[in-house]
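Student: Pasting entry30.cif here (mmCIF, C-alpha atoms):
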data_coords
loop_
_atom_site.label_atom_id
_atom_site.label_comp_id
_atom_site.auth_asym_id
_atom_site.auth_seq_id
_atom_site.Cartn_x
_atom_site.Cartn_y
_atom_site.Cartn_z
CA ILE A 224 22.16 4.63 25.22
CA GLU A 225 19.12 2.65 24.09
CA GLU A 226 19.96 3.24 20.46
CA ASN A 227 23.26 1.44 21.03
CA ILE A 228 21.55 -1.55 22.61
CA HIS A 229 18.64 -2.13 20.26
CA ILE A 230 18.25 -2.36 16.53
CA HIS A 231 15.28 -0.16 15.76
CA MET A 232 13.50 -1.40 12.65
CA MET A 233 10.68 1.05 12.07
CA PRO A 234 7.60 0.23 10.00
CA GLN A 235 8.18 1.26 6.42
CA SER A 236 7.59 0.37 2.78
CA TYR A 237 10.10 -1.75 0.92
CA GLU A 238 11.66 -0.76 -2.35
CA TRP A 239 11.03 -4.07 -4.11
CA ASP A 240 11.76 -5.31 -7.61
CA GLY A 241 8.20 -6.31 -8.37
CA LYS A 242 8.84 -10.05 -8.05
CA SER A 243 7.17 -10.20 -4.65
CA ASP A 244 4.02 -8.83 -3.03
CA LEU A 245 5.99 -7.45 -0.04
CA ASN A 246 5.27 -3.82 -0.84
CA HIS A 247 4.21 -2.82 2.66
CA VAL A 248 5.85 -4.83 5.42
CA MET A 249 5.76 -3.99 9.12
CA LEU A 250 9.23 -4.90 10.42
CA LYS A 251 9.50 -6.05 14.03
CA GLU A 252 12.07 -4.54 16.36
CA VAL A 253 15.05 -6.84 16.88
CA GLU A 254 16.75 -6.86 20.27
CA ILE A 255 20.47 -7.54 20.01
CA GLU A 256 20.38 -9.86 23.03
CA ASP A 257 18.00 -12.13 21.08
CA LEU A 258 20.75 -12.74 18.53
CA LEU A 259 23.19 -14.15 21.11
CA PRO A 260 23.05 -17.92 21.83
CA ARG A 261 23.71 -17.32 25.54
CA GLU A 262 22.49 -15.39 28.54
CA LYS A 263 23.44 -11.74 28.89
CA ILE A 264 26.73 -11.32 30.76
CA GLU A 265 26.15 -9.44 34.00
CA ILE A 266 29.07 -7.73 35.72
CA ASP A 267 28.61 -6.10 39.13
CA MET A 268 29.81 -2.65 38.19
CA ASP A 269 29.14 -1.22 41.64
CA LYS A 270 32.12 -3.21 42.91
CA VAL A 271 34.42 -1.23 40.62
CA GLY A 272 32.69 2.10 41.11
CA GLY A 273 35.06 3.06 43.93
CA MET A 274 37.98 2.81 41.52
CA LEU A 275 36.43 5.51 39.34
CA THR A 276 34.89 7.91 41.86
CA GLY A 277 36.83 11.14 42.26
CA LYS A 278 39.51 10.10 39.75
CA ARG A 279 40.89 11.75 36.61
CA ILE A 280 40.13 9.35 33.77
CA LEU A 281 41.31 9.55 30.17
CA ILE A 282 39.51 7.61 27.42
CA THR A 283 40.86 7.40 23.86
CA GLY A 284 38.52 6.55 21.02
CA ALA A 285 35.87 8.19 23.18
CA ALA A 286 33.53 8.87 20.26
CA GLY A 287 33.51 5.25 19.05
CA SER A 288 31.03 2.52 19.89
CA ILE A 289 33.00 1.11 22.84
CA GLY A 290 34.56 4.41 23.91
CA SER A 291 31.30 6.35 24.05
CA GLU A 292 29.60 3.56 26.02
CA MET A 293 32.52 3.60 28.45
CA VAL A 294 32.03 7.34 28.86
CA ARG A 295 28.40 6.76 29.82
CA GLN A 296 29.20 3.96 32.25
CA VAL A 297 32.17 5.70 33.88
CA ALA A 298 30.23 8.96 34.31
CA VAL A 299 27.71 7.22 36.57
CA TYR A 300 30.43 6.83 39.23
CA HIS A 301 31.26 10.54 39.41
CA PRO A 302 34.88 10.77 38.35
CA LYS A 303 36.60 14.03 39.18
CA GLU A 304 37.39 14.68 35.52
CA LEU A 305 36.95 12.96 32.16
CA ILE A 306 39.51 13.62 29.44
CA LEU A 307 38.04 12.34 26.17
CA ILE A 308 40.09 12.02 22.99
CA ASP A 309 38.98 11.17 19.46
CA GLN A 310 39.75 12.44 15.97
CA ALA A 311 36.13 12.13 14.78
CA GLU A 312 34.75 15.64 15.26
CA THR A 313 30.99 15.14 14.83
CA PRO A 314 30.66 12.01 17.01
CA MET A 315 32.84 13.73 19.59
CA HIS A 316 30.47 16.69 19.53
CA ASP A 317 27.63 14.27 20.29
CA VAL A 318 29.55 12.98 23.32
CA ARG A 319 30.16 16.55 24.42
CA LEU A 320 26.43 17.33 24.26
CA TYR A 321 25.58 14.13 26.12
CA MET A 322 27.92 14.97 28.99
CA ALA A 323 26.70 18.58 29.19
CA LYS A 324 23.09 17.42 29.38
CA ASN A 325 23.40 14.38 31.64
CA HIS A 326 26.51 15.05 33.77
CA PRO A 327 27.07 18.80 33.93
CA ASP A 328 28.75 18.40 37.33
CA ILE A 329 31.66 16.37 35.88
CA GLN A 330 34.59 18.30 34.46
CA THR A 331 34.79 17.02 30.89
CA GLN A 332 37.48 17.76 28.32
CA THR A 333 36.53 16.79 24.76
CA ILE A 334 39.72 16.87 22.71
CA VAL A 335 39.63 16.40 18.94
CA THR A 336 43.05 15.17 17.88
CA THR A 337 45.01 12.03 17.01
CA ILE A 338 46.88 9.88 19.52
CA CYS A 339 49.73 9.81 16.97
CA ASN A 340 50.61 13.43 17.76
CA PRO A 341 53.15 13.02 20.59
CA THR A 342 53.48 16.77 21.22
CA ARG A 343 49.73 17.23 21.70
CA MET A 344 49.43 14.06 23.76
CA GLU A 345 52.22 15.18 26.07
CA GLU A 346 50.40 18.48 26.58
CA VAL A 347 47.27 16.53 27.56
CA TYR A 348 49.10 14.28 30.01
CA LYS A 349 51.05 17.17 31.50
CA GLN A 350 47.95 19.33 31.98
CA PHE A 351 45.44 16.76 33.22
CA ARG A 352 47.61 14.04 34.83
CA PRO A 353 45.15 11.17 34.27
CA GLU A 354 45.14 8.49 36.97
CA TYR A 355 43.45 5.91 34.75
CA VAL A 356 43.68 5.52 30.97
CA PHE A 357 41.27 3.41 28.94
CA HIS A 358 42.81 3.07 25.49
CA ALA A 359 40.09 2.19 22.97
CA ALA A 360 41.32 4.20 19.96
CA ALA A 361 42.22 2.02 16.97
CA TYR A 362 41.59 1.44 13.31
CA LYS A 363 39.57 -1.79 13.33
CA HIS A 364 38.17 -2.65 9.88
CA VAL A 365 40.16 -5.57 8.47
CA PRO A 366 39.71 -4.99 4.69
CA MET A 367 40.31 -1.24 5.08
CA MET A 368 43.57 -1.81 6.93
CA GLU A 369 44.70 -4.40 4.37
CA ASP A 370 44.52 -1.54 1.85
CA ASN A 371 46.09 0.95 4.28
CA PRO A 372 48.70 -1.01 6.24
CA SER A 373 50.94 1.98 7.00
CA GLU A 374 48.02 3.73 8.68
CA ALA A 375 47.28 0.61 10.76
CA VAL A 376 50.89 0.59 12.00
CA GLN A 377 50.94 4.34 12.64
CA ASN A 378 47.61 4.64 14.44
CA ASN A 379 47.35 1.33 16.26
CA ILE A 380 50.98 0.61 17.14
CA TYR A 381 52.72 4.00 17.20
CA GLY A 382 49.66 5.64 18.80
CA THR A 383 49.60 3.01 21.54
CA ARG A 384 53.32 3.48 22.14
CA VAL A 385 52.84 7.25 22.50
CA MET A 386 49.99 6.84 24.99
CA ALA A 387 51.69 4.07 27.00
CA ASP A 388 55.05 5.84 27.29
CA LEU A 389 53.41 9.07 28.40
CA ALA A 390 51.34 7.18 30.98
CA VAL A 391 54.59 5.97 32.54
CA LYS A 392 56.21 9.41 32.34
CA TYR A 393 53.32 11.19 34.04
CA GLY A 394 52.57 8.59 36.72
CA THR A 395 49.28 7.13 35.47
CA LYS A 396 48.15 4.44 37.92
CA LYS A 397 46.52 2.02 35.45
CA PHE A 398 46.50 1.76 31.66
CA VAL A 399 43.84 -0.53 30.16
CA MET A 400 44.23 -1.41 26.48
CA VAL A 401 41.37 -2.72 24.36
CA SER A 402 42.42 -5.58 22.08
CA THR A 403 40.65 -8.10 19.86
CA ASP A 404 40.42 -11.81 19.15
CA LYS A 405 41.90 -10.99 15.75
CA ALA A 406 45.24 -10.59 17.54
CA VAL A 407 45.32 -14.37 18.15
CA ASN A 408 47.20 -16.08 15.30
CA PRO A 409 46.48 -13.00 13.15
CA THR A 410 45.90 -13.26 9.42
CA ASN A 411 45.74 -9.55 8.63
CA VAL A 412 47.47 -6.26 9.33
CA MET A 413 44.83 -5.10 11.79
CA GLY A 414 45.14 -8.24 13.90
CA CYS A 415 48.94 -8.11 13.74
CA SER A 416 48.93 -4.48 14.81
CA LYS A 417 46.83 -5.25 17.88
CA ARG A 418 49.03 -8.24 18.78
CA ILE A 419 52.07 -5.95 18.69
CA CYS A 420 50.21 -3.50 20.95
CA GLU A 421 49.60 -6.34 23.42
CA ILE A 422 53.28 -7.28 23.30
CA TYR A 423 54.36 -3.68 23.80
CA VAL A 424 52.31 -2.89 26.90
CA GLN A 425 53.13 -6.27 28.48
CA SER A 426 56.86 -5.75 27.93
CA LEU A 427 56.63 -2.23 29.35
CA ASP A 428 54.84 -3.54 32.44
CA LYS A 429 57.51 -6.23 32.84
CA ALA A 430 60.29 -3.64 32.54
CA ILE A 431 58.71 -1.47 35.24
CA LYS A 432 58.31 -4.47 37.53
CA ALA A 433 61.96 -5.45 36.97
CA GLY A 434 63.18 -1.92 37.65
CA GLU A 435 64.47 -1.48 34.09
CA VAL A 436 62.03 1.40 33.54
CA GLU A 437 61.18 3.84 36.30
CA GLY A 438 57.43 4.09 36.78
CA VAL A 439 54.34 3.03 38.72
CA THR A 440 51.89 2.32 35.89
CA GLN A 441 50.11 -1.04 35.82
CA PHE A 442 49.29 -2.17 32.28
CA VAL A 443 46.46 -4.56 31.42
CA THR A 444 44.94 -5.75 28.14
CA THR A 445 41.37 -6.89 27.50
CA ARG A 446 40.66 -9.16 24.55
CA PHE A 447 37.21 -9.95 23.20
CA GLY A 448 35.41 -10.66 19.94
CA ASN A 449 33.10 -8.71 17.67
CA VAL A 450 30.68 -6.21 19.16
CA LEU A 451 27.08 -6.45 18.00
CA GLY A 452 25.68 -3.15 16.82
CA SER A 453 29.00 -1.28 16.83
CA ASN A 454 29.86 1.12 14.04
CA GLY A 455 30.53 -0.81 10.84
CA SER A 456 29.56 -4.22 12.29
CA VAL A 457 27.36 -6.72 10.48
CA ILE A 458 24.19 -5.79 12.36
CA PRO A 459 23.76 -2.25 10.97
CA ILE A 460 24.66 -3.62 7.54
CA PHE A 461 22.11 -6.44 7.78
CA ARG A 462 19.51 -4.02 9.14
CA GLU A 463 19.87 -1.74 6.13
CA GLN A 464 19.85 -4.68 3.71
CA ILE A 465 16.61 -5.98 5.26
CA ARG A 466 15.05 -2.52 5.07
CA LYS A 467 15.82 -2.43 1.36
CA GLY A 468 14.32 -5.86 0.79
CA GLY A 469 17.59 -7.76 0.54
CA PRO A 470 19.64 -9.57 -0.30
CA ILE A 471 21.64 -9.97 2.91
CA THR A 472 25.28 -10.55 1.98
CA VAL A 473 27.56 -12.95 3.87
CA THR A 474 31.16 -13.56 2.91
CA HIS A 475 31.10 -17.35 3.43
CA PRO A 476 28.41 -19.78 4.67
CA ASP A 477 30.77 -21.33 7.26
CA ILE A 478 32.36 -18.18 8.70
CA ILE A 479 31.92 -17.89 12.49
CA ARG A 480 32.65 -15.17 15.03
CA TYR A 481 32.45 -14.54 18.78
CA PHE A 482 30.04 -11.76 19.67
CA MET A 483 29.11 -9.58 22.61
CA THR A 484 27.04 -6.44 23.10
CA ILE A 485 28.39 -2.91 23.44
CA PRO A 486 27.52 -2.68 27.18
CA GLU A 487 29.13 -6.09 27.86
CA ALA A 488 32.34 -5.07 26.11
CA SER A 489 32.52 -1.74 27.90
CA GLN A 490 31.88 -3.30 31.32
CA LEU A 491 34.59 -5.89 30.69
CA VAL A 492 37.16 -3.20 29.98
CA ILE A 493 36.27 -1.24 33.10
CA HIS A 494 36.08 -4.34 35.31
CA ALA A 495 39.44 -5.59 34.04
CA GLY A 496 40.95 -2.25 34.99
CA ALA A 497 39.71 -2.76 38.53
CA MET A 498 41.11 -6.30 38.78
CA ALA A 499 44.46 -5.53 37.14
CA LYS A 500 47.60 -5.99 39.16
CA ARG A 501 50.54 -6.40 36.75
CA GLY A 502 50.59 -6.93 32.99
CA GLU A 503 47.60 -9.28 32.70
CA LEU A 504 45.89 -10.13 29.42
CA PHE A 505 42.22 -10.70 30.23
CA VAL A 506 40.07 -12.88 27.98
CA LEU A 507 36.27 -13.01 28.18
CA ASP A 508 34.43 -16.32 27.98
CA MET A 509 32.02 -15.30 25.23
CA GLY A 510 30.32 -18.68 24.93
CA LYS A 511 30.01 -20.46 21.63
CA PRO A 512 30.87 -18.62 18.42
CA ILE A 513 28.04 -17.75 16.04
CA LYS A 514 27.87 -18.62 12.36
CA ILE A 515 27.30 -15.38 10.48
CA TYR A 516 24.88 -17.14 8.15
CA ASP A 517 22.77 -18.21 11.15
CA LEU A 518 22.92 -14.65 12.47
CA ALA A 519 21.47 -13.43 9.17
CA VAL A 520 18.72 -16.07 9.25
CA ASN A 521 17.77 -15.21 12.83
CA MET A 522 17.74 -11.50 12.14
CA ILE A 523 15.42 -11.97 9.16
CA ARG A 524 13.03 -14.12 11.18
CA LEU A 525 13.06 -11.83 14.20
CA SER A 526 12.14 -9.01 11.82
CA GLY A 527 8.97 -10.94 10.93
CA LEU A 528 10.15 -12.19 7.55
CA GLU A 529 11.23 -15.52 6.12
CA PRO A 530 14.72 -16.17 4.71
CA GLY A 531 14.72 -17.42 1.15
CA GLU A 532 11.17 -16.22 0.60
CA ASP A 533 11.00 -12.60 1.72
CA ILE A 534 14.75 -11.96 1.94
CA GLN A 535 17.52 -13.74 0.04
CA ILE A 536 20.96 -14.48 1.54
CA LYS A 537 23.82 -14.08 -0.92
CA GLU A 538 27.40 -15.36 -0.56
CA ILE A 539 30.01 -12.85 -1.77
CA GLY A 540 33.33 -14.50 -0.78
CA LEU A 541 35.91 -13.88 1.95
CA ARG A 542 37.42 -10.41 2.11
CA PRO A 543 41.17 -9.67 2.09
CA GLY A 544 42.84 -10.85 5.32
CA GLU A 545 39.70 -12.60 6.57
CA LYS A 546 39.66 -16.12 8.06
CA LEU A 547 36.75 -18.42 8.73
CA PHE A 548 37.35 -18.85 12.48
CA GLU A 549 38.41 -16.34 15.10
CA GLU A 550 40.12 -17.51 18.28
CA LEU A 551 40.11 -16.24 21.84
CA LEU A 552 42.57 -18.75 23.34
CA MET A 553 39.78 -20.21 25.45
CA LYS A 554 41.81 -23.38 26.12
CA THR A 555 41.76 -23.91 29.87
CA GLU A 556 45.38 -25.09 30.06
CA GLN A 557 46.51 -21.67 28.81
CA LEU A 558 44.29 -19.60 31.09
CA ASP A 559 43.83 -18.88 34.78
CA ARG A 560 40.50 -18.09 36.37
CA THR A 561 39.74 -14.77 38.05
CA GLU A 562 37.21 -13.73 40.67
CA ASN A 563 34.74 -13.35 37.79
CA ASP A 564 33.72 -16.68 36.23
CA MET A 565 33.43 -15.04 32.81
CA ILE A 566 36.91 -13.46 32.79
CA PHE A 567 40.17 -15.39 32.42
CA VAL A 568 43.83 -14.41 32.40
CA GLU A 569 46.07 -15.71 29.64
CA ARG A 570 49.43 -17.04 30.76
CA ASP A 571 51.90 -15.35 28.48
CA THR A 572 55.63 -14.72 28.70
CA PRO A 573 56.26 -11.06 27.80
CA TYR A 574 58.99 -10.16 25.35
CA THR A 575 62.00 -8.22 26.55
CA ARG A 576 62.26 -4.50 25.84
CA GLU A 577 65.11 -5.17 23.39
CA GLU A 578 63.00 -7.65 21.41
CA VAL A 579 60.04 -5.29 21.27
CA ASP A 580 62.16 -2.28 20.31
CA GLU A 581 63.61 -4.29 17.41
CA LYS A 582 60.11 -5.23 16.21
CA LEU A 583 59.01 -1.59 16.32
CA ARG A 584 62.15 -0.46 14.49
CA ILE A 585 61.46 -2.89 11.63
CA LEU A 586 57.86 -1.73 11.35
CA MET A 587 58.52 2.00 11.50
CA ASP A 588 61.37 1.67 8.99
CA ALA A 589 59.00 -0.06 6.60
CA VAL A 590 56.43 2.71 6.98
CA ARG A 591 58.96 5.54 6.60
CA ASN A 592 60.68 3.96 3.60
CA HIS A 593 57.43 2.93 1.89
CA GLN A 594 58.45 -0.72 1.95
CA ASN A 595 56.10 -3.72 2.00
CA VAL A 596 54.39 -3.23 5.35
CA HIS A 597 52.56 -6.57 5.08
CA GLU A 598 55.88 -8.40 4.94
CA ALA A 599 57.29 -6.37 7.84
CA VAL A 600 54.23 -7.02 10.03
CA ALA A 601 54.32 -10.76 9.28
CA LYS A 602 58.04 -10.80 10.11
CA VAL A 603 57.64 -9.34 13.60
CA VAL A 604 54.57 -11.39 14.65
CA PRO A 605 55.65 -15.04 15.00
CA THR A 606 52.06 -16.31 15.15
CA PHE A 607 51.09 -14.67 11.85
CA LEU A 608 49.32 -16.99 9.39
CA THR A 609 47.95 -16.33 5.94
CA PRO A 610 44.14 -16.66 5.80
CA GLU A 611 44.63 -19.83 3.74
CA GLN A 612 46.87 -21.37 6.43
CA ALA A 613 44.48 -20.42 9.23
CA ASN A 614 41.46 -21.84 7.41
CA GLN A 615 43.33 -25.05 6.59
CA ASN A 616 44.39 -25.44 10.24
CA ALA A 617 40.78 -24.96 11.33
CA GLU A 618 39.57 -27.62 8.92
CA ASN A 619 42.27 -30.07 10.08
CA SER A 620 41.33 -29.59 13.73
CA GLU A 621 37.66 -30.43 13.18
#
Is it possible to give me this structure as structure tokens?

Tutor:
Amino acid sequence: IEENIHIHMMPQSYEWDGKSDLNHVMLKEVEIEDLLPREKIEIDMDKVGGMLTGKRILITGAAGSIGSEMVRQVAVYHPKELILIDQAETPMHDVRLYMAKNHPDIQTQTIVTTICNPTRMEEVYKQFRPEYVFHAAAYKHVPMMEDNPSEAVQNNIYGTRVMADLAVKYGTKKFVMVSTDKAVNPTNVMGCSKRICEIYVQSLDKAIKAGEVEGVTQFVTTRFGNVLGSNGSVIPIFREQIRKGGPITVTHPDIIRYFMTIPEASQLVIHAGAMAKRGELFVLDMGKPIKIYDLAVNMIRLSGLEPGEDIQIKEIGLRPGEKLFEELLMKTEQLDRTENDMIFVERDTPYTREEVDEKLRILMDAVRNHQNVHEAVAKVVPTFLTPEQANQNAENSE
């Protein structure tokens, strides 16, 4: 667990270009919490422990940064059984070894497959009958999904639909979906795909409540920003760039993001599941956003070096689908408070089942017929903006 919380920068020699005398530099260990401009968010997990104890709990994306941390935190409360799903074999094997070593008393199923396989997923639901589902599986890298939009639609949207529909069919009590701030006024396929997932589970919850769909499942969505230290995030990239002597690369000097740690994100998801009643979309107050450039400067200094002297910072330009500012909808007139001062509920009117089914039909037709998926995604998400539009709006609002 500690390796997920800290950035371990071990003493080592730099490979340098000869222009500096930094041939042997002792790098200081950087604690991720030191990079956040706020106090660590503390959530009383013992209050939600009773929800987990003795229950059958399914976690998708269980080998990922958030999913594997959720496995560790859930296991502490002695669930009856953990059903863990991920398509990444080696990381899943690591989770399997962790559970065998640290929680041998918990029945643990480690299943290597994709959530997009409805036949296999139905077998899982039918056999294990999960009472709680934490849905963290998703393709998340914005530039990668801009190049692979069909896969973003298939995995993120279709996979969510498979898991949500089966949860209803097999009587799952609560279904908690992990979303992202990139779903707010999205400028890329990944963000659009997660917004559609939010719309789908909210409409399904509304249909159950209205008696249009027979079921007992309560659906809830959790939305938060970037996770420091997660796989593929800027911190591991910056760490490696510092180890090599630089330069650190940032896409734009003014780009800002909301950040939280892996444990904070995982606790939010679990806590939201405990608070959920019907179709809520929970938003975390993550404090002030951080300028990525400042994050790079702080990381260099905390490592015991000086930016501009020991390590250069290089601007490389915005990536496809990327905007300068992410949003969490932290406007108080659009949110209601919860029992936790750091968690809010967004007031949102769910779409009808007919509206959502039409959106999904357009998307799946585009994927099947090899049409322009970008155009289809933009068509079905009313809040979609091009990165240029989003950046211009942000500048006008300053």

Student: Quick one: distance from atom CA of A:Thr561 to atom CA of A:Met498 in Å, one decimal?

Tutor: 8.6 Å

Student: Hey, what's within 8 Å of A:Phe505 if we count all atoms listed in the file and toss same-chain stuff fewer than 5 positions away? As a PDB file with C-alpha atoms, in the coordinates of the input, please?

Tutor:
ATOM      1  CA  VAL A 443      46.460  -4.560  31.420  1.00  0.00           C
ATOM      2  CA  THR A 444      44.940  -5.750  28.140  1.00  0.00           C
ATOM      3  CA  THR A 445      41.370  -6.890  27.500  1.00  0.00           C
ATOM      4  CA  ARG A 446      40.660  -9.160  24.550  1.00  0.00           C
ATOM      5  CA  ALA A 495      39.440  -5.590  34.040  1.00  0.00           C
ATOM      6  CA  ILE A 566      36.910 -13.460  32.790  1.00  0.00           C
ATOM      7  CA  PHE A 567      40.170 -15.390  32.420  1.00  0.00           C
ATOM      8  CA  VAL A 568      43.830 -14.410  32.400  1.00  0.00           C
ATOM      9  CA  GLU A 569      46.070 -15.710  29.640  1.00  0.00           C
TER      10      GLU A 569
END

Student: Written as a list of chain:residue names, what is the full residue list that the PyMOL selection byres ((chain A and resi 606) around 7) yields on the file shown?

Tutor: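 Selected by the PyMOL selection byres ((chain A and resi 606) around 7) in this file: A:Asn408, A:Pro409, A:Val604, A:Pro605, A:Phe607, A:Leu608.
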
Student: Could you tell me which of A:Thr575, A:Thr383, A:Gln594, A:Ser373 comes closest to A:Met344 if we count all atoms listed in the file?

Tutor: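 Result for the nearest residue to A:Met344: A:Thr383.
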
Student: Would you work out the distance separating atom CA of A:Thr403 from atom CA of A:Leu504, expressed in Å to one decimal?

Tutor: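 According to the coordinates, atom CA of A:Thr403 and atom CA of A:Leu504 are separated by 11.1 Å.
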
Student: Step by step: start from the point (35.4, -13.0, 19.3) in the file's coordinates, keep every protein, DNA or RNA residue that has an atom no farther than 6 Å from it, count only C-alpha atoms, and write the set as a ChimeraX atom specification.

Tutor: /A:404,447-449,480-482

Student: With distances taken over only C-alpha atoms, which of A:His301, A:Arg584, A:His597, A:His316 is nearest to A:Asn371?

Tutor: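 Once distances to A:Asn371 are computed over only C-alpha atoms, the minimum belongs to A:His597.
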
Student: Please enumerate the residues selected by the PyMOL selection byres ((chain A and resi 361) around 7) when evaluated against the supplied file, formatted as number ranges by chain.

Tutor: A: 359-360, 362-363, 378-379
